[in-house]
Amino acid sequence: EFEFHSRRSAVYGINGACASSQPLASAAGLEILQKGGNAADAAVAMAACLNVTEPCSTGIGGDCFVLYFDAATGRVRTVLGNGASPSAFTLDLLREKGMDKSINPLHGLAVTCPGAAGAWADTVRVYGKLPLEQVLAPAIRLAEDGFAVAPIAARLWGKYADALSGPGREALLRADGRAPEAGDLMRNPDLAATLRALAQGGADAFYKGPIAQATVEAVEA
């Protein structure tokens, strides 16, 4: 007797597979594999694409944790992209802001130094086969050319749209100031420029210079 306990059939492949919460991100991972990349390259490509297509869930301004299985050695290695607390973050500062008991998750003080950009670059450099510029190309293309917002992403986007404030807010909303709805075409040229800077200049392009300064200004706003 045939038993089937899911709404989806199993997917089989002989050369590799990619899975994410967004079809466009999964397609990007597959594209990278077809161009000679490995699982590390594909994972970073998908993470970057999710930053574009599902910014309400993940992004370059957050953290990143990698478990990489090395088939040649049989070992699992890690990349920890958890950003440290800012250097000026002290208990005295929290007391001054009235947050010594709990921190408002939407306040700038709840933001750690972004670890994802460095982790993406390190993962590709240490474990990948392709250059970072090629790995991030699909995400840059989506951000520049635009993409149709998926239904679940649109729902989450709208749920947290009111939490957006400060510099860069407009880039994540429609021209009318509202969150995109399912099927809306969204572009994010500012994010494309940030990803391109990372692709061409490595982690230093993100953690030093204009991008780092803009990040500081946004958190302090």
# chains A, B, ... in the order shown; residues from 1 in each chain; ligands from 1
$ residues_around --residues "Arg155 of chain A" --least-positions-apart "3" --cutoff "12 Å" --atoms "only C-alpha atoms" --output "VMD selection string"
chain A and resid 54 56 to 57 149 to 152 158 to 161 179 to 183
$ closest_atom_pairs --of "segment 11-71 of chain A" --to "segment 109-122 of chain A" --cutoff "10 Å" --atoms "only C-alpha atoms" --output "Markdown table"
| residue | atom | partner | partner_atom | distance |
| --- | --- | --- | --- | --- |
| A:Ala40 | CA | A:Trp120 | CA | 9.1 |
| A:Asp41 | CA | A:Trp120 | CA | 8.9 |
| A:Ala43 | CA | A:Trp120 | CA | 9.0 |
| A:Val44 | CA | A:Trp120 | CA | 5.8 |
| A:Ala45 | CA | A:Trp120 | CA | 8.8 |
| A:Ala47 | CA | A:Trp120 | CA | 8.6 |
| A:Ala48 | CA | A:Trp120 | CA | 8.7 |
| A:Thr58 | CA | A:Ala116 | CA | 9.6 |
| A:Gly59 | CA | A:Ala116 | CA | 7.5 |
| A:Ile60 | CA | A:Ala116 | CA | 5.3 |
| A:Gly61 | CA | A:Pro114 | CA | 4.9 |
| A:Gly62 | CA | A:Pro114 | CA | 5.0 |
| A:Asp63 | CA | A:Ala116 | CA | 4.6 |
| A:Cys64 | CA | A:Ala116 | CA | 4.7 |
| A:Phe65 | CA | A:Ala119 | CA | 7.6 |
| A:Val66 | CA | A:Ala119 | CA | 8.1 |
$ residues_around --residues "Ala199 of chain A" --least-positions-apart "2" --cutoff "12 Å" --atoms "only C-alpha atoms" --output "PyMOL selection string"
chain A and resi 44-45+48+117-118+120-122+124-125+130-140+192-197+201-206
$ write_last_selection --atoms "C-alpha atoms" --output "mmCIF file, in the first residue's frame"
data_model
loop_
_atom_site.group_PDB
_atom_site.id
_atom_site.type_symbol
_atom_site.label_atom_id
_atom_site.label_comp_id
_atom_site.auth_asym_id
_atom_site.auth_seq_id
_atom_site.Cartn_x
_atom_site.Cartn_y
_atom_site.Cartn_z
ATOM 1 C CA VAL A 44 25.661 32.167 -0.134
ATOM 2 C CA ALA A 45 24.008 32.941 -3.469
ATOM 3 C CA ALA A 48 21.874 36.991 -0.846
ATOM 4 C CA ALA A 117 28.588 40.069 4.975
ATOM 5 C CA GLY A 118 31.827 38.818 6.491
ATOM 6 C CA TRP A 120 29.370 35.214 3.178
ATOM 7 C CA ALA A 121 32.784 36.397 2.017
ATOM 8 C CA ASP A 122 34.659 33.965 4.290
ATOM 9 C CA VAL A 124 33.063 31.539 -0.379
ATOM 10 C CA ARG A 125 36.777 32.245 0.097
ATOM 11 C CA LEU A 130 33.740 30.509 -7.522
ATOM 12 C CA PRO A 131 34.671 34.157 -6.964
ATOM 13 C CA LEU A 132 32.367 36.148 -4.712
ATOM 14 C CA GLU A 133 31.474 38.452 -7.594
ATOM 15 C CA GLN A 134 29.995 35.524 -9.521
ATOM 16 C CA VAL A 135 28.228 34.117 -6.454
ATOM 17 C CA LEU A 136 26.459 37.413 -5.704
ATOM 18 C CA ALA A 137 25.577 38.140 -9.351
ATOM 19 C CA PRO A 138 22.054 36.585 -9.208
ATOM 20 C CA ALA A 139 21.076 38.674 -6.175
ATOM 21 C CA ILE A 140 22.431 41.845 -7.768
ATOM 22 C CA ALA A 192 22.250 46.064 -5.492
ATOM 23 C CA ALA A 193 24.974 48.675 -5.048
ATOM 24 C CA THR A 194 25.837 47.327 -1.590
ATOM 25 C CA LEU A 195 26.023 43.749 -2.844
ATOM 26 C CA ARG A 196 28.154 44.833 -5.800
ATOM 27 C CA ALA A 197 30.553 46.651 -3.467
ATOM 28 C CA GLY A 201 35.806 44.692 -2.676
ATOM 29 C CA GLY A 202 35.222 41.855 -0.244
ATOM 30 C CA ALA A 203 34.286 42.294 3.407
ATOM 31 C CA ASP A 204 36.334 45.472 3.777
ATOM 32 C CA ALA A 205 34.001 47.215 1.340
ATOM 33 C CA PHE A 206 31.141 46.579 3.766
#
$ closest_residue --among "A:Ala72, A:Ala88, A:Leu80, A:Leu50" --to "Val216 of chain A" --atoms "only C-alpha atoms"
A:Ala88
$ select_by_dssp --residues "segment 59-215 of chain A" --states "strand (DSSP E or B)" --output "CSV table (one decimal) with all heavy atoms, in the first residue's frame"
chain,number,residue,atom,x,y,z
A,64,CYS,N,24.8,35.4,10.3
A,64,CYS,CA,24.9,34.2,9.5
A,64,CYS,C,25.7,33.1,10.2
A,64,CYS,O,26.7,33.3,10.7
A,64,CYS,CB,25.6,34.6,8.1
A,64,CYS,SG,26.0,33.2,7.0
A,65,PHE,N,25.1,31.9,10.1
A,65,PHE,CA,25.8,30.7,10.7
A,65,PHE,C,25.9,29.6,9.7
A,65,PHE,O,24.9,29.3,9.1
A,65,PHE,CB,25.1,30.3,12.0
A,65,PHE,CG,24.9,31.4,13.0
A,65,PHE,CD1,23.8,32.2,13.0
A,65,PHE,CD2,25.9,31.6,13.9
A,65,PHE,CE1,23.6,33.2,13.9
A,65,PHE,CE2,25.7,32.6,14.9
A,65,PHE,CZ,24.6,33.4,14.9
A,66,VAL,N,27.0,29.1,9.5
A,66,VAL,CA,27.2,28.1,8.4
A,66,VAL,C,27.8,26.8,9.0
A,66,VAL,O,28.7,26.8,9.9
A,66,VAL,CB,28.3,28.6,7.4
A,66,VAL,CG1,28.5,27.5,6.3
A,66,VAL,CG2,27.8,29.9,6.8
A,67,LEU,N,27.2,25.7,8.6
A,67,LEU,CA,27.7,24.3,8.9
A,67,LEU,C,28.0,23.7,7.5
A,67,LEU,O,27.2,23.5,6.7
A,67,LEU,CB,26.6,23.4,9.6
A,67,LEU,CG,26.3,23.8,11.0
A,67,LEU,CD1,25.2,22.9,11.5
A,67,LEU,CD2,27.5,23.7,11.9
A,68,TYR,N,29.3,23.5,7.3
A,68,TYR,CA,29.8,23.0,6.0
A,68,TYR,C,30.4,21.6,6.2
A,68,TYR,O,31.4,21.4,6.9
A,68,TYR,CB,30.9,23.9,5.4
A,68,TYR,CG,31.4,23.5,4.1
A,68,TYR,CD1,30.7,23.7,2.9
A,68,TYR,CD2,32.6,22.9,4.0
A,68,TYR,CE1,31.1,23.2,1.7
A,68,TYR,CE2,33.1,22.4,2.8
A,68,TYR,CZ,32.4,22.6,1.7
A,68,TYR,OH,32.9,22.2,0.4
A,69,PHE,N,29.8,20.6,5.5
A,69,PHE,CA,30.3,19.3,5.5
A,69,PHE,C,31.3,19.0,4.5
A,69,PHE,O,31.0,19.2,3.3
A,69,PHE,CB,29.2,18.2,5.4
A,69,PHE,CG,29.6,16.8,5.3
A,69,PHE,CD1,30.2,16.2,6.4
A,69,PHE,CD2,29.6,16.1,4.1
A,69,PHE,CE1,30.6,14.9,6.3
A,69,PHE,CE2,30.0,14.8,4.0
A,69,PHE,CZ,30.5,14.2,5.1
A,70,ASP,N,32.5,18.7,4.8
A,70,ASP,CA,33.6,18.4,3.9
A,70,ASP,C,33.6,16.9,3.6
A,70,ASP,O,34.0,16.1,4.4
A,70,ASP,CB,35.0,18.9,4.5
A,70,ASP,CG,36.1,18.8,3.5
A,70,ASP,OD1,36.0,18.0,2.5
A,70,ASP,OD2,37.1,19.5,3.7
A,75,ARG,N,34.4,15.8,7.9
A,75,ARG,CA,34.3,16.7,9.0
A,75,ARG,C,33.3,17.8,8.7
A,75,ARG,O,33.1,18.2,7.6
A,75,ARG,CB,35.6,17.3,9.3
A,75,ARG,CG,36.7,16.3,9.8
A,75,ARG,CD,38.0,17.0,10.1
A,75,ARG,NE,37.8,18.0,11.3
A,75,ARG,CZ,38.7,18.8,11.7
A,75,ARG,NH1,39.9,18.8,11.1
A,75,ARG,NH2,38.5,19.6,12.7
A,76,VAL,N,32.6,18.3,9.8
A,76,VAL,CA,31.7,19.4,9.7
A,76,VAL,C,32.5,20.6,10.2
A,76,VAL,O,33.0,20.6,11.3
A,76,VAL,CB,30.4,19.2,10.4
A,76,VAL,CG1,29.6,20.4,10.4
A,76,VAL,CG2,29.7,18.0,9.9
A,77,ARG,N,32.5,21.7,9.4
A,77,ARG,CA,33.2,22.9,9.8
A,77,ARG,C,32.1,24.0,9.9
A,77,ARG,O,31.0,23.9,9.4
A,77,ARG,CB,34.3,23.3,8.8
A,77,ARG,CG,35.4,22.2,8.7
A,77,ARG,CD,36.4,22.6,7.7
A,77,ARG,NE,37.5,21.6,7.6
A,77,ARG,CZ,38.5,21.4,8.4
A,77,ARG,NH1,38.7,22.3,9.4
A,77,ARG,NH2,39.4,20.5,8.2
A,78,THR,N,32.5,25.0,10.7
A,78,THR,CA,31.5,26.1,10.9
A,78,THR,C,32.1,27.5,10.5
A,78,THR,O,33.3,27.7,10.5
A,78,THR,CB,31.2,26.2,12.4
A,78,THR,OG1,32.3,26.5,13.2
A,78,THR,CG2,30.6,24.9,12.9
A,79,VAL,N,31.2,28.4,10.2
A,79,VAL,CA,31.5,29.8,10.1
A,79,VAL,C,30.6,30.5,10.9
A,79,VAL,O,29.3,30.4,10.7
A,79,VAL,CB,31.4,30.3,8.6
A,79,VAL,CG1,31.7,31.8,8.5
A,79,VAL,CG2,32.4,29.5,7.7
A,80,LEU,N,31.1,31.3,11.9
A,80,LEU,CA,30.2,32.0,12.8
A,80,LEU,C,30.2,33.5,12.4
A,80,LEU,O,31.2,34.2,12.6
A,80,LEU,CB,30.7,31.9,14.2
A,80,LEU,CG,30.7,30.5,14.8
A,80,LEU,CD1,31.2,30.5,16.2
A,80,LEU,CD2,29.3,29.8,14.7
A,81,GLY,N,29.0,33.9,11.9
A,81,GLY,CA,28.9,35.3,11.4
A,81,GLY,C,28.0,36.0,12.4
A,81,GLY,O,27.1,36.8,12.0
A,147,PHE,N,11.7,41.9,-9.2
A,147,PHE,CA,11.2,40.6,-9.1
A,147,PHE,C,9.7,40.7,-8.6
A,147,PHE,O,9.3,41.8,-8.0
A,147,PHE,CB,12.0,39.8,-8.0
A,147,PHE,CG,11.9,40.4,-6.6
A,147,PHE,CD1,11.0,39.9,-5.7
A,147,PHE,CD2,12.7,41.4,-6.3
A,147,PHE,CE1,10.9,40.4,-4.5
A,147,PHE,CE2,12.6,42.0,-5.0
A,147,PHE,CZ,11.7,41.5,-4.1
A,148,ALA,N,8.9,39.7,-8.8
A,148,ALA,CA,7.5,39.7,-8.4
A,148,ALA,C,7.5,39.2,-6.9
A,148,ALA,O,8.0,38.1,-6.7
A,148,ALA,CB,6.7,38.8,-9.3
A,185,LEU,N,6.0,44.3,-8.6
A,185,LEU,CA,7.3,44.3,-9.0
A,185,LEU,C,8.1,45.2,-8.1
A,185,LEU,O,7.8,46.4,-8.0
A,185,LEU,CB,7.4,44.8,-10.5
A,185,LEU,CG,8.9,44.8,-11.0
A,185,LEU,CD1,9.4,43.4,-11.2
A,185,LEU,CD2,8.9,45.5,-12.4
A,186,MET,N,9.2,44.7,-7.5
A,186,MET,CA,10.0,45.4,-6.5
A,186,MET,C,11.5,45.5,-7.0
A,186,MET,O,12.0,44.4,-7.5
A,186,MET,CB,10.0,44.8,-5.1
A,186,MET,CG,8.7,45.1,-4.4
A,186,MET,SD,8.4,46.9,-4.0
A,186,MET,CE,9.7,47.1,-2.7
$ residues_around --residues "segment 37-39 of chain A" --least-positions-apart "3" --cutoff "8 Å" --atoms "only C-alpha atoms" --output "JSON, numbers by chain"
{"A": [32, 33, 34, 42, 43, 128, 129, 130]}
$ write_last_selection --atoms "C-alpha atoms" --output "compact mmCIF listing (two decimals), in the first residue's frame"
# COMPACT_ATOMS: atom_id res chain seq x y z
CA ILE A 32 25.62 28.65 -9.29
CA LEU A 33 25.91 24.86 -9.16
CA GLN A 34 25.53 24.66 -12.93
CA ALA A 42 25.12 28.04 -3.75
CA ALA A 43 24.18 28.67 -0.11
CA GLY A 128 33.74 27.81 -2.28
CA LYS A 129 34.99 27.35 -5.83
CA LEU A 130 33.74 30.51 -7.52
$ residues_around --residues "segment 164-174 of chain A" --least-positions-apart "6" --cutoff "10 Å" --atoms "only C-alpha atoms" --output "ChimeraX atom specification"
/A:52,55-56,106,157-158,180-181,184-191,214-215,217-221
$ select_by_dssp --residues "segment 15-179 of chain A" --states "alpha helix (DSSP H)" --output "VMD selection string"
chain A and resid 23 to 34 39 to 53 91 to 96 116 to 127 132 to 135 137 to 145 151 to 160
$ write_last_selection --atoms "C-alpha atoms" --output "JSON list (two decimals), in the first residue's frame"
[["chain", "number", "residue", "atom", "x", "y", "z"],
["A", 23, "PRO", "CA", 11.83, 29.86, -5.72],
["A", 24, "LEU", "CA", 13.96, 32.69, -7.14],
["A", 25, "ALA", "CA", 16.59, 32.08, -4.47],
["A", 26, "SER", "CA", 16.57, 28.33, -5.07],
["A", 27, "ALA", "CA", 16.93, 28.96, -8.81],
["A", 28, "ALA", "CA", 19.95, 31.13, -8.09],
["A", 29, "GLY", "CA", 21.56, 28.34, -6.09],
["A", 30, "LEU", "CA", 20.98, 25.94, -8.96],
["A", 31, "GLU", "CA", 22.47, 28.48, -11.38],
["A", 32, "ILE", "CA", 25.62, 28.65, -9.29],
["A", 33, "LEU", "CA", 25.91, 24.86, -9.16],
["A", 34, "GLN", "CA", 25.53, 24.66, -12.93],
["A", 39, "ALA", "CA", 27.28, 23.87, -1.91],
["A", 40, "ALA", "CA", 29.05, 26.75, -0.13],
["A", 41, "ASP", "CA", 28.77, 28.97, -3.19],
["A", 42, "ALA", "CA", 25.12, 28.04, -3.75],
["A", 43, "ALA", "CA", 24.18, 28.67, -0.11],
["A", 44, "VAL", "CA", 25.66, 32.17, -0.13],
["A", 45, "ALA", "CA", 24.01, 32.94, -3.47],
["A", 46, "MET", "CA", 20.63, 31.89, -2.07],
["A", 47, "ALA", "CA", 21.13, 33.85, 1.16],
["A", 48, "ALA", "CA", 21.87, 36.99, -0.85],
["A", 49, "CYS", "CA", 18.82, 36.45, -3.03],
["A", 50, "LEU", "CA", 16.64, 36.00, 0.04],
["A", 51, "ASN", "CA", 17.91, 39.39, 1.21],
["A", 52, "VAL", "CA", 16.38, 40.81, -1.98],
["A", 53, "THR", "CA", 13.17, 38.80, -2.23],
["A", 91, "LEU", "CA", 25.33, 48.95, 30.83],
["A", 92, "ASP", "CA", 25.67, 52.62, 31.75],
["A", 93, "LEU", "CA", 24.39, 53.58, 28.30],
["A", 94, "LEU", "CA", 21.40, 51.27, 28.70],
["A", 95, "ARG", "CA", 20.60, 52.81, 32.09],
["A", 96, "GLU", "CA", 20.84, 56.25, 30.54],
["A", 116, "ALA", "CA", 26.45, 38.18, 7.49],
["A", 117, "ALA", "CA", 28.59, 40.07, 4.97],
["A", 118, "GLY", "CA", 31.83, 38.82, 6.49],
["A", 119, "ALA", "CA", 30.50, 35.28, 6.82],
["A", 120, "TRP", "CA", 29.37, 35.21, 3.18],
["A", 121, "ALA", "CA", 32.78, 36.40, 2.02],
["A", 122, "ASP", "CA", 34.66, 33.97, 4.29],
["A", 123, "THR", "CA", 32.47, 31.01, 3.33],
["A", 124, "VAL", "CA", 33.06, 31.54, -0.38],
["A", 125, "ARG", "CA", 36.78, 32.24, 0.10],
["A", 126, "VAL", "CA", 37.50, 29.24, 2.32],
["A", 127, "TYR", "CA", 35.04, 26.62, 1.07],
["A", 132, "LEU", "CA", 32.37, 36.15, -4.71],
["A", 133, "GLU", "CA", 31.47, 38.45, -7.59],
["A", 134, "GLN", "CA", 30.00, 35.52, -9.52],
["A", 135, "VAL", "CA", 28.23, 34.12, -6.45],
["A", 137, "ALA", "CA", 25.58, 38.14, -9.35],
["A", 138, "PRO", "CA", 22.05, 36.59, -9.21],
["A", 139, "ALA", "CA", 21.08, 38.67, -6.17],
["A", 140, "ILE", "CA", 22.43, 41.84, -7.77],
["A", 141, "ARG", "CA", 20.46, 41.07, -10.92],
["A", 142, "LEU", "CA", 17.22, 40.56, -8.96],
["A", 143, "ALA", "CA", 17.71, 43.78, -7.01],
["A", 144, "GLU", "CA", 18.42, 45.80, -10.15],
["A", 145, "ASP", "CA", 15.95, 44.28, -12.60],
["A", 151, "PRO", "CA", 2.41, 35.86, -1.43],
["A", 152, "ILE", "CA", 3.88, 34.75, 1.90],
["A", 153, "ALA", "CA", 6.71, 37.27, 1.67],
["A", 154, "ALA", "CA", 4.14, 40.00, 0.94],
["A", 155, "ARG", "CA", 2.16, 39.05, 4.04],
["A", 156, "LEU", "CA", 5.23, 39.17, 6.30],
["A", 157, "TRP", "CA", 6.45, 42.35, 4.61],
["A", 158, "GLY", "CA", 3.16, 44.05, 5.34],
["A", 159, "LYS", "CA", 3.05, 42.76, 8.91],
["A", 160, "TYR", "CA", 6.32, 44.45, 9.82]]
